[in-house]
Each structure stands twice: as structure tokens, then as C-alpha cells.
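Participant: See query35.txt below, with compact mmCIF, C-alpha atoms and all ligand atoms.
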```txt
# COMPACT_ATOMS: atom_id res chain seq x y z
CA MET A 59 78.10 73.07 91.94
CA ARG A 60 75.14 75.36 92.72
CA GLY A 61 75.40 78.60 90.78
CA LYS A 62 78.46 77.49 88.83
CA CYS A 63 78.58 78.31 85.11
CA ILE A 64 79.39 75.23 83.07
CA LEU A 65 80.08 75.62 79.36
CA LEU A 66 79.64 72.35 77.50
CA GLY A 67 81.34 71.88 74.13
CA ILE A 68 79.94 69.08 71.99
CA THR A 69 81.82 67.67 69.00
CA GLY A 70 80.72 65.19 66.35
CA GLY A 71 80.91 61.67 67.74
CA ILE A 72 78.30 59.01 68.51
CA ALA A 73 78.83 59.59 72.25
CA ALA A 74 77.24 63.05 71.78
CA TYR A 75 73.87 61.45 72.62
CA LYS A 76 75.10 60.92 76.20
CA ILE A 77 75.48 64.68 76.65
CA ALA A 78 71.73 64.95 77.14
CA PHE A 79 72.17 62.95 80.35
CA LEU A 80 75.18 65.04 81.42
CA ILE A 81 73.20 68.27 80.98
CA ARG A 82 70.39 66.84 83.14
CA LEU A 83 72.85 65.82 85.84
CA LEU A 84 74.47 69.24 85.88
CA LYS A 85 71.13 71.03 86.04
CA LYS A 86 69.93 68.72 88.83
CA ASN A 87 73.04 69.70 90.80
CA GLY A 88 72.16 73.38 90.47
CA ALA A 89 74.62 74.41 87.73
CA GLU A 90 73.91 76.94 84.98
CA VAL A 91 74.64 75.27 81.63
CA LYS A 92 75.35 76.74 78.20
CA CYS A 93 76.33 74.65 75.20
CA ILE A 94 78.42 75.16 72.10
CA MET A 95 78.23 72.58 69.34
CA THR A 96 80.47 72.04 66.33
CA PRO A 97 78.45 71.89 63.08
CA ALA A 98 79.34 68.18 62.76
CA SER A 99 77.91 67.35 66.20
CA CYS A 100 74.43 68.47 65.05
CA ASP A 101 74.28 65.21 63.03
CA PHE A 102 74.59 63.27 66.28
CA ILE A 103 72.36 65.18 68.69
CA SER A 104 69.78 67.80 67.86
CA PRO A 105 70.48 71.38 69.01
CA LEU A 106 66.79 71.43 69.94
CA VAL A 107 67.40 68.75 72.59
CA VAL A 108 70.53 70.49 73.85
CA ALA A 109 68.89 73.95 74.02
CA THR A 110 65.76 72.59 75.72
CA LEU A 111 67.62 70.60 78.37
CA SER A 112 70.16 73.35 79.12
CA GLY A 113 67.53 76.10 79.09
CA ASN A 114 69.79 78.29 76.95
CA PRO A 115 70.29 78.94 73.22
CA VAL A 116 73.03 76.82 71.66
CA GLY A 117 76.06 78.42 69.99
CA ILE A 118 76.98 76.72 66.71
CA GLU A 119 78.20 79.31 64.21
CA PHE A 120 80.14 82.52 64.81
CA TRP A 121 77.03 84.43 63.87
CA ASN A 122 73.34 83.73 63.51
CA LYS A 123 72.48 83.55 59.80
CA SER A 124 68.81 84.46 60.30
CA ASP A 125 69.32 87.75 62.18
CA GLY A 126 73.04 88.50 61.86
CA THR A 127 73.69 88.48 65.62
CA TRP A 128 77.23 87.67 66.75
CA ASN A 129 77.98 84.70 69.02
CA ASN A 130 80.74 86.19 71.13
CA HIS A 131 83.33 83.51 71.98
CA VAL A 132 85.14 85.89 74.35
CA GLU A 133 81.96 86.35 76.37
CA TYR A 134 81.49 82.57 76.59
CA GLY A 135 85.08 82.29 77.84
CA LEU A 136 84.51 84.95 80.50
CA TRP A 137 81.12 83.57 81.57
CA ALA A 138 82.21 80.00 82.18
CA ASP A 139 83.81 78.72 85.39
CA ILE A 140 84.83 75.65 83.45
CA PHE A 141 84.73 74.49 79.81
CA VAL A 142 83.94 70.80 79.37
CA ILE A 143 84.36 69.36 75.88
CA ALA A 144 82.61 66.02 75.59
CA PRO A 145 82.79 64.03 73.48
CA LEU A 146 86.14 65.23 72.14
CA THR A 147 86.77 63.81 68.68
CA ALA A 148 90.21 63.16 67.20
CA ASN A 149 89.60 66.03 64.79
CA THR A 150 88.83 68.68 67.43
CA MET A 151 91.62 67.31 69.67
CA SER A 152 94.09 67.82 66.84
CA LYS A 153 92.83 71.35 66.15
CA MET A 154 92.99 72.28 69.84
CA SER A 155 96.55 71.03 70.10
CA THR A 156 97.68 73.28 67.24
CA GLY A 157 95.57 76.35 67.97
CA SER A 158 93.37 75.98 64.90
CA CYS A 159 90.27 78.17 65.16
CA ASP A 160 87.77 77.40 62.41
CA ASN A 161 84.60 77.15 64.49
CA LEU A 162 82.96 78.77 67.51
CA LEU A 163 83.94 75.95 69.89
CA LEU A 164 87.65 76.27 69.03
CA ALA A 165 87.58 80.07 69.25
CA THR A 166 85.98 79.76 72.68
CA TYR A 167 88.64 77.27 73.80
CA LEU A 168 91.31 79.82 72.89
CA SER A 169 89.44 82.56 74.79
CA MET A 170 88.72 80.47 77.89
CA LYS A 171 89.79 82.02 81.22
CA GLY A 172 88.88 79.06 83.47
CA LYS A 173 89.97 75.45 83.23
CA THR A 174 89.16 73.23 80.24
CA ILE A 175 88.53 69.54 80.68
CA VAL A 176 87.93 67.10 77.85
CA ALA A 177 86.46 63.62 77.51
CA PRO A 178 87.91 62.01 74.35
CA ALA A 179 85.84 59.45 72.47
CA MET A 180 86.87 57.50 69.38
CA ASP A 181 87.46 54.04 68.04
CA LEU A 182 90.19 51.97 69.70
CA ASP A 183 92.70 52.20 66.84
CA MET A 184 92.28 55.95 66.65
CA TYR A 185 92.67 56.26 70.42
CA ALA A 186 95.82 54.13 70.37
CA HIS A 187 97.35 56.01 67.42
CA PRO A 188 100.61 57.83 68.19
CA THR A 189 99.10 61.04 66.77
CA THR A 190 96.31 60.92 69.37
CA TYR A 191 98.86 60.27 72.12
CA ARG A 192 100.94 63.21 70.92
CA ASN A 193 97.94 65.56 70.75
CA LEU A 194 96.73 64.52 74.21
CA GLU A 195 100.21 65.12 75.64
CA GLN A 196 100.20 68.58 74.07
CA LEU A 197 96.81 69.37 75.59
CA LYS A 198 98.06 68.23 79.01
CA LYS A 199 101.07 70.53 78.65
CA ASP A 200 98.68 73.35 77.82
CA GLY A 201 96.90 72.77 81.15
CA VAL A 202 93.86 70.88 79.84
CA GLN A 203 92.60 68.08 82.09
CA ILE A 204 91.91 64.83 80.28
CA ILE A 205 89.17 62.48 81.44
CA PRO A 206 90.57 59.18 80.15
CA ALA A 207 88.45 57.24 77.68
CA GLU A 208 87.09 53.98 79.08
CA SER A 209 87.22 50.41 77.81
CA GLY A 210 84.14 48.67 76.48
CA GLU A 211 81.93 48.14 73.46
CA LEU A 212 82.42 50.81 70.81
CA ALA A 213 80.01 52.14 68.17
CA SER A 214 82.00 50.25 65.51
CA GLY A 215 81.12 46.97 67.25
CA LEU A 216 84.74 46.54 68.34
CA GLU A 217 85.72 46.24 72.00
CA GLY A 218 88.50 48.33 73.50
CA GLU A 219 89.65 51.64 74.88
CA GLY A 220 88.07 54.73 73.38
CA ARG A 221 84.59 54.98 74.90
CA MET A 222 83.74 58.35 76.34
CA ALA A 223 83.63 58.39 80.15
CA GLU A 224 80.07 58.05 81.49
CA PRO A 225 78.19 61.28 82.35
CA GLU A 226 78.42 60.44 86.10
CA THR A 227 82.21 60.17 85.79
CA ILE A 228 82.41 63.46 83.90
CA LEU A 229 80.27 65.06 86.62
CA ARG A 230 82.74 63.90 89.31
CA TRP A 231 85.66 65.38 87.35
CA ILE A 232 83.83 68.69 87.04
CA GLU A 233 83.12 68.70 90.78
CA ASN A 234 86.79 68.02 91.55
CA VAL A 235 88.07 70.77 89.29
CA LEU A 236 85.57 73.28 90.68
CA ALA A 237 86.52 72.33 94.25
CA GLU A 238 90.22 72.89 93.46
CA ASN A 239 89.55 76.24 91.83
CA THR A 240 87.64 77.62 94.77
CA GLU A 241 90.47 77.14 97.29
CA ASN A 242 92.40 80.38 97.54
CA ASP A 243 94.13 79.82 100.86
CA PHE A 244 97.68 80.06 99.43
CA VAL A 245 97.15 83.17 97.28
CA GLY A 246 100.22 85.41 97.52
CA LYS A 247 102.40 82.63 98.97
CA ASN A 248 105.61 81.73 97.18
CA VAL A 249 106.30 78.03 97.32
CA LEU A 250 109.60 76.44 96.31
CA ILE A 251 109.48 72.72 95.45
CA THR A 252 112.33 70.39 94.50
CA ALA A 253 111.39 67.24 92.58
CA GLY A 254 112.72 64.25 90.71
CA PRO A 255 116.15 62.63 90.68
CA THR A 256 119.55 64.13 89.99
CA TYR A 257 121.87 62.55 87.43
CA GLU A 258 125.59 62.70 88.17
CA ALA A 259 127.68 62.19 85.05
CA ILE A 260 130.40 59.54 84.94
CA ASP A 261 131.29 60.19 81.30
CA PRO A 262 129.39 61.69 78.34
CA VAL A 263 127.00 58.70 78.17
CA ARG A 264 126.73 57.34 81.72
CA PHE A 265 125.50 58.70 85.00
CA ILE A 266 124.66 57.79 88.60
CA GLY A 267 120.94 58.33 89.23
CA ASN A 268 117.93 56.80 90.94
CA HIS A 269 114.39 55.67 90.16
CA SER A 270 112.60 58.84 91.27
CA SER A 271 109.87 59.78 88.75
CA GLY A 272 109.21 63.26 90.16
CA LYS A 273 105.50 62.42 90.54
CA MET A 274 105.31 63.46 94.22
CA GLY A 275 106.93 66.86 93.60
CA PHE A 276 104.78 67.56 90.55
CA ALA A 277 101.62 66.58 92.47
CA LEU A 278 102.67 69.01 95.22
CA ALA A 279 103.21 71.76 92.65
CA GLU A 280 99.76 71.14 91.21
CA ALA A 281 98.12 71.15 94.65
CA PHE A 282 99.73 74.46 95.68
CA LEU A 283 98.88 76.01 92.29
CA ASN A 284 95.27 74.91 92.67
CA HIS A 285 95.22 76.70 96.02
CA GLY A 286 96.41 79.96 94.49
CA ALA A 287 100.14 79.85 95.33
CA ASN A 288 103.00 81.02 93.12
CA VAL A 289 105.14 77.94 92.64
CA THR A 290 108.78 77.57 91.66
CA LEU A 291 109.38 73.93 90.79
CA ILE A 292 113.00 72.86 90.41
CA SER A 293 113.03 69.45 88.83
CA GLY A 294 115.61 66.87 87.89
CA PRO A 295 115.19 64.78 84.71
CA THR A 296 111.63 63.47 84.45
CA LYS A 297 109.06 62.68 81.75
CA LEU A 298 106.43 64.80 83.51
CA GLU A 299 105.16 68.08 82.13
CA ILE A 300 103.23 70.83 83.84
CA ALA A 301 102.18 74.30 82.75
CA HIS A 302 100.42 77.03 84.71
CA PRO A 303 100.55 80.82 84.61
CA GLN A 304 101.71 80.92 88.25
CA LEU A 305 104.40 78.29 87.79
CA LYS A 306 108.10 78.84 87.23
CA LEU A 307 109.68 75.55 86.17
CA ILE A 308 113.45 75.25 86.44
CA LYS A 309 115.02 72.10 84.99
CA ILE A 310 118.29 70.86 86.42
CA THR A 311 120.35 67.70 86.04
CA ARG A 312 123.01 67.60 88.77
CA ALA A 313 122.82 68.16 92.54
CA ILE A 314 125.19 71.13 92.22
CA GLU A 315 122.76 72.77 89.76
CA LEU A 316 119.88 72.06 92.16
CA LEU A 317 121.78 73.79 94.96
CA GLU A 318 122.56 76.80 92.76
CA ALA A 319 118.89 77.17 91.75
CA VAL A 320 117.71 76.79 95.38
CA GLN A 321 120.28 79.37 96.52
CA LEU A 322 118.70 81.89 94.14
CA GLU A 323 115.06 81.02 94.89
CA TRP A 324 114.87 80.20 98.62
CA VAL A 325 115.17 83.77 99.84
CA LYS A 326 112.07 84.71 97.78
CA SER A 327 110.00 81.82 99.21
CA ASP A 328 107.56 81.51 102.09
CA ILE A 329 107.42 77.72 101.97
CA GLY A 330 109.92 75.10 100.80
CA VAL A 331 108.98 71.52 100.04
CA PHE A 332 112.05 69.44 99.22
CA SER A 333 111.00 66.17 97.65
CA ALA A 334 113.89 65.70 95.20
CA ALA A 335 115.78 62.42 95.41
CA VAL A 336 119.22 63.96 95.32
CA ALA A 337 122.16 61.66 94.57
CA ASP A 338 124.24 61.74 97.74
CA TYR A 339 127.52 61.29 95.83
CA ARG A 340 128.93 62.20 92.42
CA PRO A 341 132.00 61.00 90.54
CA LYS A 342 135.03 63.04 91.55
CA GLU A 343 136.15 63.32 87.92
CA VAL A 344 133.83 63.28 84.90
CA ALA A 345 135.58 61.59 81.96
CA GLN A 346 135.55 63.81 78.88
CA GLU A 347 135.36 60.79 76.53
CA LYS A 348 133.33 57.59 76.85
CA ILE A 349 135.18 55.23 79.22
CA LYS A 350 136.28 52.11 77.32
CA LYS A 351 135.83 48.65 78.77
CA SER A 352 139.23 47.37 80.01
CA SER A 353 139.95 45.63 83.33
CA ASP A 354 137.46 43.28 85.08
CA VAL A 355 137.01 45.63 87.98
CA MET A 356 136.40 49.32 87.67
CA GLU A 357 136.54 51.86 90.45
CA ILE A 358 134.95 55.26 90.39
CA GLU A 359 135.91 57.67 93.13
CA LEU A 360 132.86 59.48 94.49
CA VAL A 361 132.64 62.70 96.44
CA LYS A 362 129.76 63.89 98.57
CA ASN A 363 127.14 66.14 96.99
CA PRO A 364 125.91 69.21 98.83
CA ASP A 365 122.84 68.62 101.00
CA VAL A 366 120.43 71.09 99.43
CA LEU A 367 117.74 70.80 102.10
CA LYS A 368 120.33 71.28 104.84
CA TRP A 369 121.54 74.45 103.13
CA ALA A 370 117.96 75.78 103.03
CA GLY A 371 117.50 74.87 106.73
CA GLU A 372 120.70 76.68 107.69
CA ASN A 373 119.63 79.75 105.71
CA LYS A 374 116.03 79.80 106.85
CA LEU A 375 114.26 82.89 108.14
CA ASP A 376 111.86 82.47 111.09
CA ALA A 377 108.81 83.13 108.91
CA GLN A 378 109.76 80.50 106.34
CA VAL A 379 108.40 76.97 106.66
CA LEU A 380 110.62 74.14 105.49
CA ILE A 381 109.30 70.69 104.66
CA GLY A 382 111.56 67.77 103.79
CA PHE A 383 111.10 64.12 103.00
CA ALA A 384 112.69 61.01 104.46
CA LEU A 385 112.73 57.78 102.54
CA GLU A 386 113.90 55.01 104.83
CA THR A 387 114.08 51.26 104.71
CA GLU A 388 114.42 50.80 108.50
CA ASN A 389 113.96 52.72 111.81
CA LEU A 390 111.75 55.16 109.94
CA ARG A 391 110.67 57.48 112.76
CA GLU A 392 114.03 57.52 114.56
CA ASN A 393 115.95 58.34 111.37
CA ALA A 394 113.37 60.91 110.28
CA GLU A 395 113.56 62.66 113.65
CA LYS A 396 117.34 62.94 113.31
CA LYS A 397 116.98 64.41 109.80
CA LEU A 398 114.31 66.87 110.96
CA LYS A 399 116.71 68.30 113.57
CA ALA A 400 119.93 68.08 111.55
CA LYS A 401 118.47 69.92 108.55
CA HIS A 402 116.45 72.48 110.61
CA MET A 403 113.13 71.45 109.05
CA ASP A 404 109.73 72.38 110.43
CA ILE A 405 107.98 69.32 109.03
CA ILE A 406 109.22 65.99 107.74
CA VAL A 407 107.21 63.65 105.50
CA MET A 408 108.21 60.04 106.00
CA ASN A 409 107.77 57.09 103.72
CA THR A 410 109.30 53.67 103.48
CA LEU A 411 109.93 51.49 100.47
CA LYS A 412 108.66 48.59 102.59
CA ASP A 413 105.04 49.77 102.27
CA ASN A 414 103.34 48.30 99.20
CA GLY A 415 102.43 51.03 96.72
CA ALA A 416 104.76 53.62 98.28
CA GLY A 417 107.96 55.10 96.92
CA PHE A 418 109.49 55.50 93.48
CA GLY A 419 107.70 55.35 90.12
CA VAL A 420 104.25 54.38 91.43
CA ASP A 421 101.20 56.67 91.47
CA THR A 422 100.49 56.07 95.15
CA ASN A 423 102.28 56.81 98.42
CA LYS A 424 101.84 56.03 102.09
CA ILE A 425 103.19 58.71 104.34
CA SER A 426 103.35 59.82 107.93
CA ILE A 427 104.22 63.33 109.03
CA LEU A 428 106.24 64.54 112.00
CA ASP A 429 106.84 68.17 112.89
CA LYS A 430 109.32 69.94 115.15
CA ARG A 431 106.61 70.41 117.82
CA ASN A 432 106.54 66.62 117.96
CA ASN A 433 103.09 66.19 116.40
CA PHE A 434 102.76 62.99 114.43
CA LYS A 435 100.13 61.81 111.95
CA ALA A 436 99.97 58.64 109.85
CA PHE A 437 98.01 58.44 106.60
CA GLU A 438 96.51 55.65 104.50
CA LEU A 439 97.85 54.57 101.09
CA LYS A 440 96.61 57.22 98.65
CA SER A 441 97.25 58.61 95.17
CA LYS A 442 100.15 61.06 95.08
CA SER A 443 97.69 63.89 94.27
CA GLU A 444 95.76 63.11 97.45
CA VAL A 445 98.99 62.82 99.45
CA ALA A 446 99.95 66.28 98.17
CA ILE A 447 96.62 67.68 99.46
CA ASP A 448 97.23 65.97 102.85
CA ILE A 449 100.64 67.64 103.11
CA LEU A 450 99.14 71.01 102.17
CA THR A 451 96.34 70.59 104.72
CA TYR A 452 98.83 69.59 107.44
CA LEU A 453 100.90 72.67 106.64
CA LYS A 454 97.82 74.90 106.90
CA THR A 455 97.03 73.59 110.39
CA TYR A 456 100.71 73.85 111.40
CA SER A 457 100.93 77.47 110.26
CA SER A 458 97.57 78.61 111.69
N1 LIG B 1 118.13 66.12 100.30
C1 LIG B 1 118.68 67.23 99.68
N2 LIG B 1 119.98 67.18 99.24
C2 LIG B 1 120.71 66.04 99.36
C3 LIG B 1 120.14 64.90 99.98
C4 LIG B 1 118.84 64.97 100.44
O1 LIG B 1 118.01 68.25 99.53
N3 LIG B 1 121.95 66.01 98.92
C5 LIG B 1 116.75 66.21 100.83
C6 LIG B 1 115.74 65.37 100.13
O2 LIG B 1 115.09 66.11 99.11
C7 LIG B 1 114.78 65.01 101.25
C8 LIG B 1 115.66 64.97 102.49
O3 LIG B 1 116.82 65.72 102.14
O4 LIG B 1 113.81 66.01 101.46
C9 LIG B 1 116.06 63.61 102.98
O5 LIG B 1 116.60 62.86 101.95
P1 LIG B 1 117.08 61.37 102.19
O6 LIG B 1 117.68 60.84 100.92
O7 LIG B 1 115.99 60.58 102.85
O8 LIG B 1 118.17 61.56 103.28
P2 LIG B 1 119.70 61.85 103.30
O9 LIG B 1 119.89 63.10 104.05
O10 LIG B 1 120.28 61.79 101.92
O11 LIG B 1 120.23 60.66 104.20
P3 LIG B 1 120.40 59.10 103.88
O12 LIG B 1 120.50 58.96 102.39
O13 LIG B 1 121.66 58.77 104.61
O14 LIG B 1 119.19 58.45 104.48
```
Could I get this file's structure written as C-alpha cells?
Ligand code: CTP
Facilitator:
Amino acid sequence: MRGKCILLGITGGIAAYKIAFLIRLLKKNGAEVKCIMTPASCDFISPLVVATLSGNPVGIEFWNKSDGTWNNHVEYGLWADIFVIAPLTANTMSKMSTGSCDNLLLATYLSMKGKTIVAPAMDLDMYAHPTTYRNLEQLKKDGVQIIPAESGELASGLEGEGRMAEPETILRWIENVLAENTENDFVGKNVLITAGPTYEAIDPVRFIGNHSSGKMGFALAEAFLNHGANVTLISGPTKLEIAHPQLKLIKITRAIELLEAVQLEWVKSDIGVFSAAVADYRPKEVAQEKIKKSSDVMEIELVKNPDVLKWAGENKLDAQVLIGFALETENLRENAEKKLKAKHMDIIVMNTLKDNGAGFGVDTNKISILDKRNNFKAFELKSKSEVAIDILTYLKTYSS
């Protein structure tokens, strides 16, 4: 944190008083702090306190009414390594999500070159309102990191979710984001990632699919992006969203479409990480109309889908590194070893549905990794974001 430039944006909520403590924590950790306040926030914490603790003048208006000097939002955006808006009120959240720009803080958000993270704070009904959910989702899509509001006693006297995260928690988030931003070890590398399930149509309303959420593949994409890589993420149907200037997101539905996209992208890639849960079979014929219920038993003839990873393995250049996954329910290592060889992978990431907290839909995973030089490493149960970092770190050692 030493020497890092932290821009703090303060908006008008009761939790603004806690920002005094956050500024002290940041300064204690060696950061340079500048603050921008919305006019409404000055009712909740005095600019005098904020300026004194941060050791810098506070930006409130676009220009200083006493001497006419201009508060340059572009310069703030260039100066800061990170923009932290805390507390984030429902009003500013809504304006950020639509690109509204009627104060210095919002203009700076739009000019920001580094990452923005926000700590929402509001009453529980406001926090639970669909509008808030929609605006937060939009901010996430725009690449803003959200520090979730916490549960507890609120200024209204009610109890519930909506309290701004504590300054110590916000500090940890800032440290994490700064740590991610400083890793540049994959700059210039092109990484191809497959993620999510494939859906194989039976008729216009039904399909064969699986429970994959895409979380592992998206976490991998985020990890590689944070380390400077250019990422092409080919994803099956999922609720997840991700946006980044160095990301190319290709959405597919069927295994055949996945193969076609991989066939175009693989040759341009240095690294391939194939985490998609591809349906192994698809209906031979797709009914043009909805199939009507008739006999007690129904048979659907299935044909094998192409093995996308195997295709990439068979068309791999020596310099390319190929990583695949194996989800097994029994004989994990033996089956994974067979897949590693059969699909010409360099590294295989194994997991089993038998481990609690691992597999589909959940936020955690428990993996072990085997490579073609016969190195093996087992990992603890971790969040999928941490698992993604473990895979990336393993790859770095493998390639060095
Ligand atoms: N894979 C793929 N295309 C397929 C099937 C699998 O690209 N048609 C990839 C997956 O993304 C994963 C790896 O192959 O990286 C292993 O997938 P898995 O489902 O565990 O193995 P399968 O080869 O399908 O074998 P099985 O289902 O018999 O275990």
C-alpha cells in the first residue's frame, strides 16, 4: 500500500462518519489519500475533518467559488491507482449506473483509469429494492467491484442488510485490488478459456444440459485479466457477466458452436484452459415443433458431440500450453491421467463431486493438479477465485 494513490469518494449517508477512520487506516499503511465529496455528504462529515486527516484539499465542486480555480476530474482519474466510493448511496449508485455526471465525484468516476470499488450503504428496504439490485448488477458489468453491505443495526433503528462494510474490511478489499493490479506476469499472453455448460436442443423449448454455472471459468478469466493477459472467454449459457478492456467474450449454446469458436481462436492463443462442461451427446434430430406428450415411454436418439479439448490437443503447437479439467465421481487420478494423455494436455485439474463444497453451482472448489511430467499437487477447499489463482500460479511454475 506504501506510495499508492487512493482516491476516496464520499457520498451523503450516515456511514460517511466512518470514512474518517478509513482515511486514518490508509495513511497509517503508507498510502497517499485524496478525497472528493458530493455536496450532500458535507452534511454528514465536515470537509475540514476529511482534508485534515487526508492531508490534502478536498474536491467538492467543479470549481472553487472563492478563487475560480478548476478542480480537474481528469487529473484525479489519472492520479489515482484506485477510486473507492464509500459510502455509496442509492442516489449516486443510480447515477453511476446510467452515466449521469452532475457533480465532481461522478465526473471523476467517468474519467477513472484505474479500478473503482464501492461500499454501498442504505436502509434495508432500499438495499433489497429491485432497482438497487439492477443498478448494482450494471455496475458489476461495468467492471466496478462491490464491497457487499453488511447486516446489523441501521441508522433508522431497523436491523438488516444495508450497513456499510467496516473500514477494516474496506481496507482489505483495497489491498486485494492493488495486489491484483500489480501482477503483470501474463502481459502479452493470449489466453483462451472455455466455461459453463452447453445446451443441446431437443425441440424449440427443451434441451439436454447440466448444472455448470460457469463460475470456475469466469474466475479463471478474471485471474488472467488481473495478471495482464488478453483473454478470450467462450462461454455457454450462464447468468454471469464480466467486462474488461482486454476481454473478448464469445457466447455459445451448443457444443458444435463451442468447437467452431475454439477452432477460430486456438491458433491465436498461448494458453488454453478448458473448463466448460460440454454435453457429451446431443439429440440426433432436433424437432422443429414442440414435441407433444403421447406414449408412456419416449426415446431420443443421441449422437456424440465433438470433444473440443481433444481437438485443441491434437492441433496444439509445442509452445502452447493446454490445461483441461476432469470431473470424476470415482478413480479420480487414474481417470484423469488417461484423459491427460488421450487429449494431449499439459496439465489437468481434477475435482470430484464427492468432496463437500466442490463442483457445480457452488462458490468453492477442491482441486488437485497433475501435469504430463507427472508432478502432482493437492489443494485445500477454496473459493473459486482462489482456485483460479492456484491454477495460474501452477502454470507459471510449469512454464518457467
Ligand atoms: N471436454 C471438451 N469437450 C467435450 C467433453 C469434454 O472440451 N465434448 C473437456 C472439458 O472441458 C474438460 C475435459 O474435456 O476440460 C474433461 O471433461 P470430462 O467431462 O471430465 O471428461 P470427458 O472427456 O467428457 O469424459 P467422461 O465424461 O467420460 O468422464
Participant: List every protein, DNA or RNA residue with an atom no more than 8 Å from (118.1, 75.8, 109.1) in the file's coordinates, counting all atoms listed in the file, and format the result as number ranges by chain.
Facilitator: A: 368-374, 401-403
Participant: Have a look at atom CA of Pro341 of chain A and atom CA of Ile381 of chain A and let me know their distance in Å, one decimal.
Facilitator: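 It comes out at 28.4 Å.
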Participant: Once you count all atoms listed in the file, which residues end up within 7 Å of ligand LIG 1 (chain B), and could you hand them over as a ChimeraX atom specification?
Facilitator: /A:252,313,332-338,363-368,382-386,397
Participant: So which one's closest to Phe265 of chain A, A:Ala177, A:Pro225, A:Glu217, A:Ala345? Using all atoms listed in the file, please.
Facilitator: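 Smallest distance to Phe265 of chain A is found for A:Ala345.
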Participant: When you count only C-alpha atoms, which of these residues is closest to Lys309 of chain A: A:Leu106, A:Leu136, A:Ile292, A:Ile143?
Facilitator: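 So, comparing all the options, the nearest one is A:Ile292.
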Participant: Work out how far atom CA of Thr174 of chain A is from atom CA of Trp231 of chain A, in Å to one decimal.
Facilitator: 11.2 Å
Participant: I'd like to know which of A:Glu388, A:Glu119, A:Glu195, A:Asp181 is closest to Gly218 of chain A, using all atoms listed in the file.
Facilitator: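 Checking each of A:Glu388, A:Glu119, A:Glu195, A:Asp181 against Gly218 of chain A, counting all atoms listed in the file, the winner is A:Asp181.
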Participant: Please compute the atom CA of Thr156 of chain A-atom CA of Val91 of chain A distance, one decimal, in Å.
Facilitator: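 Atom-to-atom, atom CA of Thr156 of chain A to atom CA of Val91 of chain A, that is 27.2 Å.
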Participant: Tell me which of A:Lys306, A:Lys351, A:Val331, A:Ser214 sits closest to Ala253 of chain A, counting all atoms listed in the file.
Facilitator: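 Among the listed residues, A:Val331 lies closest to Ala253 of chain A.
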Participant: Would you mind listing what lies within 9 Å of Gly135 of chain A as an MDAnalysis selection string, with all atoms listed in the file counted and same-chain residues fewer than 5 positions away left out?
Facilitator: chainID A and resid 65 130 140:141 166:172
Participant: Do you know which residues are at most 12 Å from Gly415 of chain A counting only C-alpha atoms, after dropping those on the same chain fewer than 6 positions away, and could you put them as a list in words?
Facilitator: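 Within the cut-off, the hits are Asn409, Asp421, Thr422, Asn423, Lys424, Ile425, Glu438, Leu439, Lys440, Ser441 and Lys442 of chain A.
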Participant: Within 9 Å of (83.3, 64.6, 66.2) in the file's own coordinates, which protein, DNA or RNA residues have an atom, counting only C-alpha atoms? List them as number ranges by chain.
Facilitator: A: 68-72, 74, 96, 98-99, 102, 145-150, 179-180
